[in-house]
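Data file: upload36.txt. Format and content: compact mmCIF, C-alpha atoms.
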```
# COMPACT_ATOMS: atom_id res chain seq x y z
CA MET A 1 197.58 -44.68 102.16
CA SER A 2 196.25 -44.91 105.70
CA LYS A 3 198.68 -44.81 108.60
CA PRO A 4 198.91 -47.63 111.15
CA ILE A 5 197.02 -47.05 114.41
CA VAL A 6 198.75 -47.63 117.77
CA ALA A 7 196.60 -47.63 120.94
CA ILE A 8 197.83 -47.21 124.52
CA VAL A 9 195.88 -49.25 127.08
CA GLY A 10 196.34 -49.40 130.84
CA ARG A 11 194.78 -48.93 134.27
CA PRO A 12 194.31 -45.38 135.61
CA ASN A 13 197.45 -43.81 137.08
CA VAL A 14 199.96 -46.10 135.35
CA GLY A 15 201.22 -43.18 133.23
CA LYS A 16 199.28 -43.54 129.95
CA SER A 17 199.09 -39.81 129.33
CA THR A 18 202.72 -39.27 130.28
CA LEU A 19 203.79 -41.98 127.85
CA PHE A 20 201.42 -40.59 125.19
CA ASN A 21 202.95 -37.11 125.54
CA ALA A 22 206.49 -38.51 125.59
CA LEU A 23 205.91 -40.46 122.37
CA ALA A 24 204.00 -37.71 120.62
CA GLY A 25 206.35 -34.91 121.66
CA SER A 26 205.21 -31.41 120.83
CA ARG A 27 203.04 -32.63 117.96
CA ILE A 28 199.99 -33.13 120.12
CA SER A 29 199.42 -29.48 120.92
CA ILE A 30 197.61 -28.26 117.87
CA VAL A 31 199.13 -24.92 116.96
CA GLN A 32 196.37 -23.77 114.62
CA ASP A 33 193.97 -21.43 116.32
CA THR A 34 191.05 -22.95 114.46
CA PRO A 35 187.76 -23.07 116.33
CA GLY A 36 186.45 -26.61 116.59
CA VAL A 37 189.78 -28.34 116.01
CA THR A 38 189.91 -30.82 118.85
CA ARG A 39 192.32 -30.04 121.65
CA ASP A 40 191.49 -33.20 123.57
CA ARG A 41 194.60 -35.30 123.81
CA ILE A 42 192.97 -38.31 122.25
CA TYR A 43 195.17 -38.88 119.21
CA ALA A 44 198.45 -37.64 117.77
CA ASP A 45 200.56 -38.14 114.66
CA VAL A 46 203.91 -39.68 115.53
CA SER A 47 207.04 -40.26 113.43
CA TRP A 48 209.73 -42.78 114.34
CA LEU A 49 212.61 -43.50 111.96
CA ASN A 50 210.86 -43.85 108.57
CA TYR A 51 207.47 -44.73 110.05
CA ASN A 52 204.47 -42.46 110.51
CA PHE A 53 201.54 -43.62 112.59
CA THR A 54 198.52 -42.34 114.51
CA MET A 55 198.59 -42.94 118.25
CA ILE A 56 195.43 -43.15 120.36
CA ASP A 57 195.27 -42.63 124.11
CA THR A 58 192.36 -44.73 125.37
CA GLY A 59 192.47 -43.20 128.85
CA GLY A 60 189.13 -41.83 130.03
CA ILE A 61 187.48 -40.65 133.24
CA GLU A 62 189.17 -41.73 136.46
CA PRO A 63 186.67 -44.15 138.03
CA ASP A 64 185.82 -44.14 141.74
CA SER A 65 184.95 -47.74 142.56
CA GLY A 66 186.66 -51.03 141.80
CA ASP A 67 183.74 -52.33 139.72
CA VAL A 68 183.80 -49.28 137.50
CA ILE A 69 187.56 -49.66 137.07
CA LEU A 70 187.14 -53.12 135.57
CA SER A 71 184.30 -52.15 133.21
CA GLN A 72 186.33 -49.08 132.25
CA MET A 73 189.37 -51.23 131.52
CA ARG A 74 187.26 -53.59 129.42
CA GLU A 75 185.95 -50.64 127.37
CA GLN A 76 189.47 -49.26 126.87
CA ALA A 77 190.87 -52.62 125.86
CA GLN A 78 187.92 -53.21 123.53
CA ILE A 79 188.34 -49.90 121.71
CA ALA A 80 192.01 -50.69 121.23
CA ILE A 81 191.20 -54.16 119.94
CA ASP A 82 188.61 -52.77 117.52
CA THR A 83 190.69 -50.02 115.99
CA ALA A 84 194.43 -50.55 116.47
CA ASP A 85 197.06 -52.32 114.39
CA VAL A 86 199.37 -52.52 117.44
CA ILE A 87 198.54 -52.14 121.16
CA ILE A 88 200.89 -50.82 123.85
CA PHE A 89 199.76 -52.33 127.17
CA ILE A 90 201.18 -50.21 129.98
CA VAL A 91 201.60 -51.37 133.59
CA ASP A 92 203.19 -49.77 136.68
CA VAL A 93 206.35 -51.30 138.18
CA ARG A 94 205.79 -49.52 141.52
CA GLN A 95 202.28 -50.92 142.01
CA GLY A 96 203.32 -54.37 140.80
CA MET A 97 201.06 -56.78 138.96
CA GLN A 98 197.37 -56.20 139.71
CA ASP A 99 194.33 -58.39 139.18
CA ALA A 100 192.92 -55.84 136.70
CA ASP A 101 196.13 -56.12 134.63
CA SER A 102 195.58 -59.89 134.29
CA LYS A 103 191.96 -59.42 133.17
CA VAL A 104 192.95 -56.95 130.49
CA ALA A 105 195.84 -59.19 129.39
CA ASP A 106 193.30 -62.00 128.83
CA MET A 107 191.18 -59.78 126.59
CA LEU A 108 194.16 -58.52 124.64
CA ARG A 109 195.50 -62.05 124.17
CA ARG A 110 192.20 -63.17 122.66
CA SER A 111 192.27 -60.24 120.21
CA HIS A 112 195.19 -61.80 118.27
CA LYS A 113 196.53 -58.27 117.76
CA PRO A 114 200.23 -57.56 118.41
CA VAL A 115 200.60 -56.33 122.01
CA ILE A 116 203.76 -54.71 123.40
CA LEU A 117 203.96 -54.84 127.20
CA ALA A 118 205.54 -51.63 128.60
CA VAL A 119 206.44 -51.54 132.30
CA ASN A 120 206.41 -47.85 133.23
CA LYS A 121 208.11 -45.85 136.03
CA VAL A 122 211.34 -47.89 135.81
CA ASP A 123 213.67 -45.01 136.70
CA ASN A 124 216.67 -47.26 137.34
CA PHE A 125 216.99 -50.26 135.02
CA GLU A 126 219.71 -52.01 137.05
CA LYS A 127 217.94 -51.86 140.41
CA MET A 128 214.38 -52.50 139.21
CA MET A 129 214.74 -55.27 136.60
CA MET A 130 213.69 -58.02 139.06
CA ASP A 131 210.39 -56.13 139.58
CA VAL A 132 209.98 -55.84 135.79
CA TYR A 133 210.37 -59.63 135.36
CA GLU A 134 207.29 -60.17 137.57
CA PHE A 135 205.19 -59.04 134.57
CA TYR A 136 206.25 -62.12 132.57
CA ASN A 137 203.39 -63.73 134.55
CA LEU A 138 200.88 -61.81 132.40
CA GLY A 139 201.82 -64.10 129.49
CA MET A 140 202.21 -61.15 127.11
CA GLY A 141 205.81 -61.84 126.13
CA GLU A 142 208.84 -59.82 127.18
CA PRO A 143 208.05 -56.82 129.43
CA LEU A 144 209.91 -53.70 128.21
CA PRO A 145 211.13 -51.35 130.95
CA VAL A 146 210.40 -47.65 130.30
CA SER A 147 210.19 -44.42 132.19
CA ALA A 148 207.82 -42.07 130.37
CA ALA A 149 208.66 -39.22 132.75
CA SER A 150 212.44 -39.58 132.25
CA MET A 151 212.19 -40.63 128.57
CA LEU A 152 214.08 -43.88 129.25
CA GLY A 153 213.56 -46.93 127.03
CA ILE A 154 211.26 -45.05 124.64
CA GLY A 155 213.39 -45.82 121.56
CA ASP A 156 213.44 -49.56 122.29
CA LEU A 157 209.67 -49.51 122.80
CA LEU A 158 209.04 -47.77 119.46
CA ASP A 159 211.45 -50.14 117.67
CA GLU A 160 209.31 -53.00 118.95
CA VAL A 161 206.04 -51.27 117.94
CA VAL A 162 207.03 -50.56 114.31
CA LYS A 163 208.14 -54.20 113.79
CA HIS A 164 204.46 -55.16 113.94
CA PHE A 165 203.11 -52.65 111.41
CA PRO A 166 201.19 -54.36 108.62
CA ASP A 167 202.94 -54.54 105.30
CA ARG A 168 200.77 -52.27 103.18
CA THR A 169 202.75 -52.47 99.97
CA GLY A 170 200.64 -53.75 97.12
CA THR A 171 197.36 -53.65 99.04
CA ASP A 172 196.30 -50.02 99.35
CA GLU A 173 197.89 -49.07 96.04
CA GLU A 174 195.83 -51.60 94.11
CA ASP A 175 192.55 -50.54 95.69
CA ASP A 176 191.89 -47.20 94.05
CA ARG A 177 188.15 -47.23 94.77
CA PRO A 178 187.06 -43.97 96.43
CA LYS A 179 186.72 -44.44 100.19
CA ILE A 180 184.03 -42.43 101.93
CA ALA A 181 183.93 -42.20 105.73
CA VAL A 182 180.49 -41.53 107.20
CA VAL A 183 181.17 -39.77 110.51
CA GLY A 184 179.17 -37.93 113.14
CA LYS A 185 178.09 -38.32 116.70
CA PRO A 186 175.94 -41.30 117.72
CA ASN A 187 172.31 -41.45 116.55
CA VAL A 188 172.40 -38.82 113.79
CA GLY A 189 171.52 -41.41 111.13
CA LYS A 190 174.91 -42.51 109.80
CA SER A 191 173.89 -46.15 109.34
CA SER A 192 170.50 -45.19 107.84
CA LEU A 193 172.36 -43.03 105.32
CA VAL A 194 174.71 -45.89 104.40
CA ASN A 195 171.68 -48.19 104.03
CA ARG A 196 170.05 -45.68 101.67
CA LEU A 197 173.21 -45.25 99.62
CA THR A 198 173.84 -48.98 99.37
CA GLY A 199 170.20 -50.06 99.07
CA ASP A 200 170.84 -52.83 101.57
CA ASN A 201 170.23 -53.18 105.30
CA ARG A 202 173.70 -54.52 106.00
CA VAL A 203 174.20 -52.18 108.95
CA ILE A 204 171.95 -52.84 111.94
CA VAL A 205 170.03 -49.69 112.85
CA SER A 206 168.06 -48.97 115.98
CA ASP A 207 166.94 -45.81 117.75
CA ILE A 208 169.34 -46.36 120.64
CA ALA A 209 172.48 -44.22 120.35
CA GLY A 210 175.49 -46.35 119.61
CA THR A 211 174.04 -49.60 118.29
CA THR A 212 176.49 -49.93 115.40
CA ARG A 213 179.40 -51.97 116.65
CA ASP A 214 182.52 -51.61 114.49
CA ALA A 215 183.59 -49.61 111.46
CA ILE A 216 182.04 -51.53 108.59
CA ASP A 217 183.32 -51.29 105.01
CA THR A 218 180.49 -51.50 102.50
CA PRO A 219 181.47 -51.69 98.81
CA VAL A 220 178.84 -50.21 96.47
CA LYS A 221 178.50 -50.02 92.71
CA TYR A 222 176.64 -46.96 91.41
CA HIS A 223 176.33 -46.20 87.69
CA GLY A 224 179.16 -48.63 86.96
CA LYS A 225 181.58 -47.04 89.45
CA GLU A 226 182.67 -48.66 92.73
CA TYR A 227 182.80 -46.85 96.08
CA VAL A 228 183.64 -48.08 99.58
CA PHE A 229 181.65 -46.60 102.48
CA ILE A 230 183.25 -46.72 105.92
CA ASP A 231 180.48 -46.54 108.51
CA THR A 232 182.08 -45.45 111.78
CA ALA A 233 181.17 -47.52 114.76
CA GLY A 234 178.94 -46.35 117.50
CA LEU A 235 179.43 -47.67 121.00
CA ARG A 236 178.26 -50.54 123.04
CA ARG A 237 175.13 -49.38 124.81
CA LYS A 238 176.27 -50.58 128.24
CA ASN A 239 178.58 -47.60 128.53
CA LYS A 240 176.33 -44.92 129.97
CA ILE A 241 179.01 -42.30 130.60
CA LYS A 242 178.38 -39.50 128.10
CA GLU A 243 181.98 -38.27 127.94
CA GLU A 244 183.22 -41.79 127.31
CA ILE A 245 180.74 -42.31 124.48
CA GLU A 246 181.93 -39.09 122.88
CA ARG A 247 185.57 -39.99 123.39
CA TYR A 248 185.20 -43.39 121.79
CA SER A 249 183.17 -42.16 118.83
CA ILE A 250 185.84 -39.51 118.20
CA ILE A 251 188.58 -42.17 118.35
CA ARG A 252 186.68 -44.23 115.78
CA ALA A 253 186.16 -41.13 113.64
CA VAL A 254 189.95 -40.58 113.61
CA THR A 255 190.62 -44.10 112.37
CA ALA A 256 187.93 -43.89 109.67
CA VAL A 257 188.93 -40.41 108.49
CA GLU A 258 192.54 -41.59 108.22
CA ARG A 259 191.54 -44.16 105.59
CA ALA A 260 189.06 -42.02 103.65
CA ASP A 261 189.25 -39.82 100.55
CA VAL A 262 186.01 -38.00 101.35
CA VAL A 263 184.33 -37.48 104.72
CA LEU A 264 180.55 -37.21 104.99
CA LEU A 265 179.94 -35.37 108.28
CA VAL A 266 176.37 -36.22 109.26
CA ILE A 267 174.63 -33.74 111.56
CA ASP A 268 171.10 -33.76 112.93
CA ALA A 269 168.94 -31.01 111.36
CA THR A 270 166.73 -30.90 114.45
CA GLU A 271 169.73 -30.34 116.78
CA GLY A 272 172.03 -28.22 114.64
CA VAL A 273 175.84 -28.34 114.92
CA THR A 274 177.03 -29.58 118.32
CA GLU A 275 180.45 -29.29 119.96
CA GLN A 276 181.18 -32.92 119.11
CA ASP A 277 180.31 -32.30 115.42
CA ALA A 278 182.86 -29.48 115.47
CA LYS A 279 185.52 -31.78 116.96
CA ILE A 280 184.96 -34.45 114.31
CA ALA A 281 184.93 -31.79 111.57
CA GLY A 282 188.24 -30.49 112.93
CA ILE A 283 189.80 -33.95 112.58
CA ALA A 284 188.77 -34.22 108.90
CA HIS A 285 189.94 -30.64 108.26
CA GLU A 286 193.35 -31.29 109.84
CA ARG A 287 193.79 -34.43 107.75
CA GLY A 288 193.09 -32.45 104.55
CA LYS A 289 190.20 -34.63 103.41
CA GLY A 290 187.36 -33.76 101.06
CA ILE A 291 184.38 -32.81 103.24
CA ILE A 292 180.62 -32.82 102.64
CA ILE A 293 178.33 -31.75 105.50
CA MET A 294 175.16 -33.88 105.41
CA VAL A 295 172.29 -32.23 107.28
CA ASN A 296 170.13 -35.30 107.95
CA LYS A 297 166.52 -35.59 109.21
CA TRP A 298 165.57 -32.63 107.00
CA ASP A 299 162.07 -34.11 106.74
CA ALA A 300 161.58 -33.44 110.47
CA VAL A 301 162.22 -29.68 110.18
CA GLU A 302 159.36 -27.19 109.71
CA LYS A 303 160.22 -25.05 106.71
CA ASP A 304 159.53 -21.73 105.08
CA ASP A 305 161.31 -20.12 102.11
CA LYS A 306 164.23 -19.00 104.32
CA THR A 307 164.87 -22.25 106.26
CA ILE A 308 167.77 -23.59 104.15
CA TYR A 309 169.40 -20.14 104.15
CA ARG A 310 169.17 -19.85 107.96
CA HIS A 311 170.55 -23.36 108.54
CA THR A 312 173.40 -22.77 106.08
CA GLU A 313 174.36 -19.49 107.77
CA LYS A 314 174.38 -21.15 111.19
CA ILE A 315 176.55 -24.06 110.01
CA ARG A 316 178.99 -21.69 108.23
CA GLN A 317 179.19 -19.59 111.38
CA ILE A 318 179.94 -22.45 113.80
CA LEU A 319 182.17 -24.42 111.39
CA SER A 320 183.85 -21.30 110.04
CA PHE A 321 187.10 -23.22 109.39
CA LEU A 322 185.15 -25.40 106.91
CA SER A 323 184.07 -22.55 104.64
CA TYR A 324 185.03 -24.70 101.62
CA ALA A 325 182.87 -27.72 102.61
CA GLU A 326 179.78 -28.56 100.59
CA ILE A 327 176.45 -28.69 102.49
CA MET A 328 173.58 -31.03 101.56
CA PHE A 329 170.14 -31.17 103.20
CA ILE A 330 168.91 -34.77 103.13
CA SER A 331 166.65 -37.31 104.76
CA ALA A 332 168.05 -40.82 105.05
CA LYS A 333 164.58 -41.90 106.20
CA THR A 334 162.65 -40.70 103.12
CA GLY A 335 165.59 -40.79 100.70
CA GLN A 336 165.28 -37.06 99.93
CA ARG A 337 168.31 -35.89 97.83
CA VAL A 338 170.34 -38.97 98.86
CA GLN A 339 171.10 -40.06 95.27
CA ASN A 340 172.71 -36.65 94.62
CA VAL A 341 175.41 -37.61 97.13
CA TYR A 342 177.33 -39.67 94.53
CA ASP A 343 177.70 -36.71 92.15
CA MET A 344 178.88 -34.56 95.05
CA ILE A 345 181.41 -37.22 96.14
CA ASP A 346 182.81 -37.44 92.59
CA MET A 347 183.17 -33.66 92.39
CA VAL A 348 184.92 -33.41 95.77
CA ILE A 349 187.34 -36.26 94.93
CA GLU A 350 188.19 -34.54 91.65
CA ASN A 351 188.87 -31.25 93.46
CA ASN A 352 190.90 -32.94 96.19
CA SER A 353 193.13 -34.44 93.45
CA MET A 354 193.25 -31.37 91.17
CA ARG A 355 196.62 -30.11 89.90
CA ILE A 356 197.19 -26.57 88.63
CA ALA A 357 200.03 -25.80 86.20
CA THR A 358 202.64 -23.49 87.74
CA GLY A 359 202.34 -20.92 84.94
CA VAL A 360 198.57 -20.56 85.30
CA LEU A 361 198.83 -20.48 89.09
CA ASN A 362 201.37 -17.65 89.04
CA GLU A 363 199.21 -15.58 86.68
CA ILE A 364 196.39 -15.71 89.25
CA VAL A 365 198.77 -14.90 92.12
CA ALA A 366 200.34 -11.97 90.20
CA GLU A 367 196.85 -10.60 89.55
CA ALA A 368 195.94 -11.00 93.25
CA VAL A 369 199.15 -9.19 94.33
CA ALA A 370 198.39 -6.33 91.92
CA MET A 371 194.89 -5.98 93.40
CA GLN A 372 196.06 -6.06 97.02
CA GLN A 373 199.66 -5.20 97.86
CA PRO A 374 201.47 -7.62 100.21
CA PRO A 375 202.03 -6.41 103.79
CA THR A 376 205.05 -4.42 104.94
CA ASP A 377 206.85 -4.28 108.28
CA LYS A 378 209.34 -1.55 109.24
CA GLY A 379 209.60 -0.47 105.63
CA LYS A 380 210.22 -3.98 104.29
CA ARG A 381 207.58 -5.38 101.94
CA LEU A 382 206.73 -9.04 101.41
CA LYS A 383 207.80 -10.20 97.95
CA ILE A 384 206.22 -13.27 96.40
CA TYR A 385 208.65 -14.82 93.90
CA TYR A 386 206.44 -17.64 92.71
CA VAL A 387 203.96 -20.31 93.84
CA THR A 388 203.95 -23.97 92.83
CA GLN A 389 201.70 -26.94 93.64
CA VAL A 390 203.68 -29.79 95.16
CA SER A 391 201.04 -32.42 95.93
CA VAL A 392 197.36 -33.40 95.98
CA LYS A 393 194.97 -34.90 98.59
CA PRO A 394 194.86 -32.13 99.78
CA PRO A 395 196.17 -29.78 97.09
CA THR A 396 199.35 -28.36 98.63
CA PHE A 397 201.12 -25.20 97.46
CA VAL A 398 204.54 -23.77 98.29
CA ILE A 399 204.85 -19.97 98.24
CA PHE A 400 208.43 -18.71 97.82
CA VAL A 401 208.95 -15.32 99.50
CA ASN A 402 211.74 -12.98 100.58
CA ASP A 403 210.82 -13.08 104.30
CA LYS A 404 208.59 -15.67 106.01
CA GLU A 405 207.85 -13.33 108.91
CA LEU A 406 206.09 -10.92 106.55
CA ALA A 407 203.78 -13.62 105.14
CA HIS A 408 200.93 -13.03 107.58
CA PHE A 409 198.20 -15.63 107.89
CA SER A 410 195.61 -13.13 106.63
CA TYR A 411 197.50 -12.50 103.37
CA VAL A 412 197.98 -16.21 102.73
CA ARG A 413 194.22 -16.62 103.31
CA TYR A 414 193.62 -13.81 100.78
CA LEU A 415 195.74 -15.68 98.18
CA GLU A 416 193.86 -18.90 98.97
CA ASN A 417 190.53 -17.16 98.32
CA ARG A 418 191.77 -15.83 94.96
CA ILE A 419 192.98 -19.33 93.97
CA ARG A 420 189.62 -20.78 94.99
CA ASP A 421 187.80 -18.09 92.96
CA ALA A 422 189.81 -19.09 89.90
CA PHE A 423 189.85 -22.89 90.19
CA GLY A 424 186.96 -23.84 92.48
CA PHE A 425 188.41 -26.49 94.80
CA ARG A 426 184.93 -26.94 96.29
CA GLY A 427 184.77 -29.43 99.13
CA THR A 428 188.51 -29.68 99.80
CA SER A 429 190.91 -27.87 102.08
CA LEU A 430 194.07 -26.34 100.60
CA LYS A 431 197.44 -26.42 102.32
CA PHE A 432 200.00 -23.63 101.98
CA ILE A 433 203.69 -23.82 102.92
CA VAL A 434 205.67 -20.58 102.98
CA ARG A 435 209.40 -20.89 102.14
CA GLU A 436 212.08 -18.21 102.15
CA ARG A 437 214.35 -17.70 99.20
CA LYS A 438 217.28 -15.32 99.38
CA GLU A 439 217.17 -12.40 96.96
CA GLU A 440 219.66 -12.62 94.13
CA GLN A 441 222.28 -9.88 94.28
```

Could you rewrite the structure in this file as structure tokens?
Amino acid sequence: MSKPIVAIVGRPNVGKSTLFNALAGSRISIVQDTPGVTRDRIYADVSWLNYNFTMIDTGGIEPDSGDVILSQMREQAQIAIDTADVIIFIVDVRQGMQDADSKVADMLRRSHKPVILAVNKVDNFEKMMMDVYEFYNLGMGEPLPVSAASMLGIGDLLDEVVKHFPDRTGTDEEDDRPKIAVVGKPNVGKSSLVNRLTGDNRVIVSDIAGTTRDAIDTPVKYHGKEYVFIDTAGLRRKNKIKEEIERYSIIRAVTAVERADVVLLVIDATEGVTEQDAKIAGIAHERGKGIIIMVNKWDAVEKDDKTIYRHTEKIRQILSFLSYAEIMFISAKTGQRVQNVYDMIDMVIENNSMRIATGVLNEIVAEAVAMQQPPTDKGKRLKIYYVTQVSVKPPTFVIFVNDKELAHFSYVRYLENRIRDAFGFRGTSLKFIVRERKEEQ
């Protein structure tokens, strides 16, 4: 089930990033040392009471001139409107109400999305409440006083946010059609691929990067089975700032990946893997989705008998954290190998949902331990009592050991490779949790 999306919108210097960090806590710094996993503070997973949601910081480049500020604000508000379930509109009590705040408020009001107005930098509620009340003039309902820096009023703000989450009971559960997110940087052929797969030009395609507007869900029936393709939006062309385009397409990728079972990462065969491809791949990897790397525009590449091998090596090298992902060389333009995508999707979904019986799993692990002894430290050896699978999507395993400190990353990776050798799990990441269990006397 996909998590609600909460977007933070506001002028530069009102404290968006401070609020974002305060709400997200330590969760935003990604602890994995995985190359390509995005470290941009664009999105974070947040928990409040019994709610889990994804928060997006729409802040971008600090603009220099007043005109750019307004167009920037319009872009930020628009991305929030397009993707979020709830919007936090943040203003600055010290600067007072600005003309730009009113313009954004108008846009947000027309969106008919729930908007929570947060008045930041209120370090003393008693003294500053009269200044907070000024923001009633925005017509966005009750302004909530907060101080992101001092962590004041954060709980009340989150209480207000979660009230507006959509009721997802009975909707997502009933729709068990596989959802496939088609992601990648602008102009790699995502929409052309969806058109090929659906046999319908429902998505407008042009050669200008970023002509697709919003994430479009396209239901498709293939060989009697239904699929839903989520085509991630490009950007409005008027935004010429490269970093902003990348930021927004990554934000949209996050929201699409969140809802998907399988992610098709489309890359341009003529360009190879770019830094932005690696960021988007990192998002899908972190979320534990099934992943297929689609090398598009294969018809435009000059080939000899080693071309596929060389391209595969290069992709594996750059996206080393996606060693499990399937790679397909296709051409959305000519239709080359596109129909094979459905078989690959079915296989990856099956692997992402595969369960292994505890007995069989422990036989494989015992064999692996016999072949390569667990590590020792100061004379103490790691003991693996048993391993059990606790969930799917992605397949998640708990390893019970005598001492967590001894369970080095490299040994857990070794066990993962042995499990993959035995059961396949092609196209899906595996998650391992190491738990300590005291030795019986």

Exercise for review: Identify which of the residues A:Gly288, A:Gly272, A:Gly96, A:Gly282 lies closest to A:Val188, counting all atoms listed in the file when measuring atom-to-atom distances.
Suggested key: A:Gly272

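With only C-alpha atoms as the atoms that count, the residue of A:Asn50, A:Thr83, A:Gln339, A:Thr198 with the shortest distance to A:Glu226 is A:Thr198.
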
Review point. Residues at most 10 Å from A:Glu258, counting all atoms listed in the file, excluding those fewer than 6 positions away in the same chain, as a PyMOL selection string?
Key: chain A and resi 1-5+54+181+252+283-284+287-289

Those same residues - C-alpha atoms - I'd like them written as a compact mmCIF listing (two decimals), in the frame of the given file.
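The new file out_4.txt reads:
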```txt
# COMPACT_ATOMS: atom_id res chain seq x y z
CA MET A 1 197.58 -44.68 102.16
CA SER A 2 196.25 -44.91 105.70
CA LYS A 3 198.68 -44.81 108.60
CA PRO A 4 198.91 -47.63 111.15
CA ILE A 5 197.02 -47.05 114.41
CA THR A 54 198.52 -42.34 114.51
CA ALA A 181 183.93 -42.20 105.73
CA ARG A 252 186.68 -44.23 115.78
CA ILE A 283 189.80 -33.95 112.58
CA ALA A 284 188.77 -34.22 108.90
CA ARG A 287 193.79 -34.43 107.75
CA GLY A 288 193.09 -32.45 104.55
CA LYS A 289 190.20 -34.63 103.41
```

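Atom CA of A:Val392 lies 14.8 Å from atom CA of A:Pro178.
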
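Between atom CA of A:Gln372 and atom CA of A:Asn351 the separation is 26.4 Å.
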
Point to revise | Test item: residues at most 7 Å from A:Val266, only C-alpha atoms, excluding those fewer than 6 positions along its chain, as a list in words | key: Val183, Gly184, Val188, Lys190, Ile293, Met294, Val295 and Asn296 of chain A

Residues from last step as file, C-alpha atoms, as an mmCIF file, in the coordinates of the input:
```cif
data_model
loop_
_atom_site.group_PDB
_atom_site.id
_atom_site.type_symbol
_atom_site.label_atom_id
_atom_site.label_comp_id
_atom_site.auth_asym_id
_atom_site.auth_seq_id
_atom_site.Cartn_x
_atom_site.Cartn_y
_atom_site.Cartn_z
ATOM 1 C CA VAL A 183 181.170 -39.770 110.510
ATOM 2 C CA GLY A 184 179.170 -37.930 113.140
ATOM 3 C CA VAL A 188 172.400 -38.820 113.790
ATOM 4 C CA LYS A 190 174.910 -42.510 109.800
ATOM 5 C CA ILE A 293 178.330 -31.750 105.500
ATOM 6 C CA MET A 294 175.160 -33.880 105.410
ATOM 7 C CA VAL A 295 172.290 -32.230 107.280
ATOM 8 C CA ASN A 296 170.130 -35.300 107.950
#
```

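Proximity of A:Phe125, A:Phe89, A:Phe321, A:Phe432 to A:Ser102, computed with all atoms listed in the file, is greatest for A:Phe89.
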
Practice item. Rounded to one decimal place, report the atom CA of A:Leu193-atom CA of A:Val338 distance in Å. Key: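 The value is 7.9 Å.
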
Practice item. Determine the nearest neighbour of A:Tyr133 from the options A:Val93, A:Asp99, A:Val301, A:Asp377, counting all atoms listed in the file. Key: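 Of all the options, A:Val93 lies closest to A:Tyr133.
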
Exercise for review: Determine, counting only C-alpha atoms, which protein, DNA and RNA residues have an atom within 10 Å of an atom of A:Ser391; residues of the same chain fewer than 5 positions away are not included. Present the result as a PyMOL selection string.
Suggested key: chain A and resi 353-355+396-398+431

How about saving the chosen residues, C-alpha atoms kept, as a PDB file, in the frame of the given file?
```pdb
ATOM      1  CA  SER A 353     193.130 -34.440  93.450  1.00  0.00           C
ATOM      2  CA  MET A 354     193.250 -31.370  91.170  1.00  0.00           C
ATOM      3  CA  ARG A 355     196.620 -30.110  89.900  1.00  0.00           C
ATOM      4  CA  THR A 396     199.350 -28.360  98.630  1.00  0.00           C
ATOM      5  CA  PHE A 397     201.120 -25.200  97.460  1.00  0.00           C
ATOM      6  CA  VAL A 398     204.540 -23.770  98.290  1.00  0.00           C
ATOM      7  CA  LYS A 431     197.440 -26.420 102.320  1.00  0.00           C
TER       8      LYS A 431
END
```

Exercise for review: Excluding A:Val262 and any residue of its chain fewer than 4 positions from it, enumerate the residues within 10 Å of it, using all atoms listed in the file, and give them as a PyMOL selection string.
Suggested key: chain A and resi 178-182+229+257+284+288-292+345-346+348-349+352+393+427-428

Review point. Nearest to A:Ala44: which of A:Ser150, A:Asn195, A:Gln95, A:Thr255 is it, counting all atoms listed in the file?
Key: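 Ranking A:Ser150, A:Asn195, A:Gln95, A:Thr255 by distance to A:Ala44, first place goes to A:Thr255.
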
Exercise for review: Tell me which of A:Leu415, A:Leu322, A:Leu264, A:Ile399 sits closest to A:Gln373, counting all atoms listed in the file.
Suggested key: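 Using all atoms listed in the file, the shortest distance to A:Gln373 belongs to A:Leu415.
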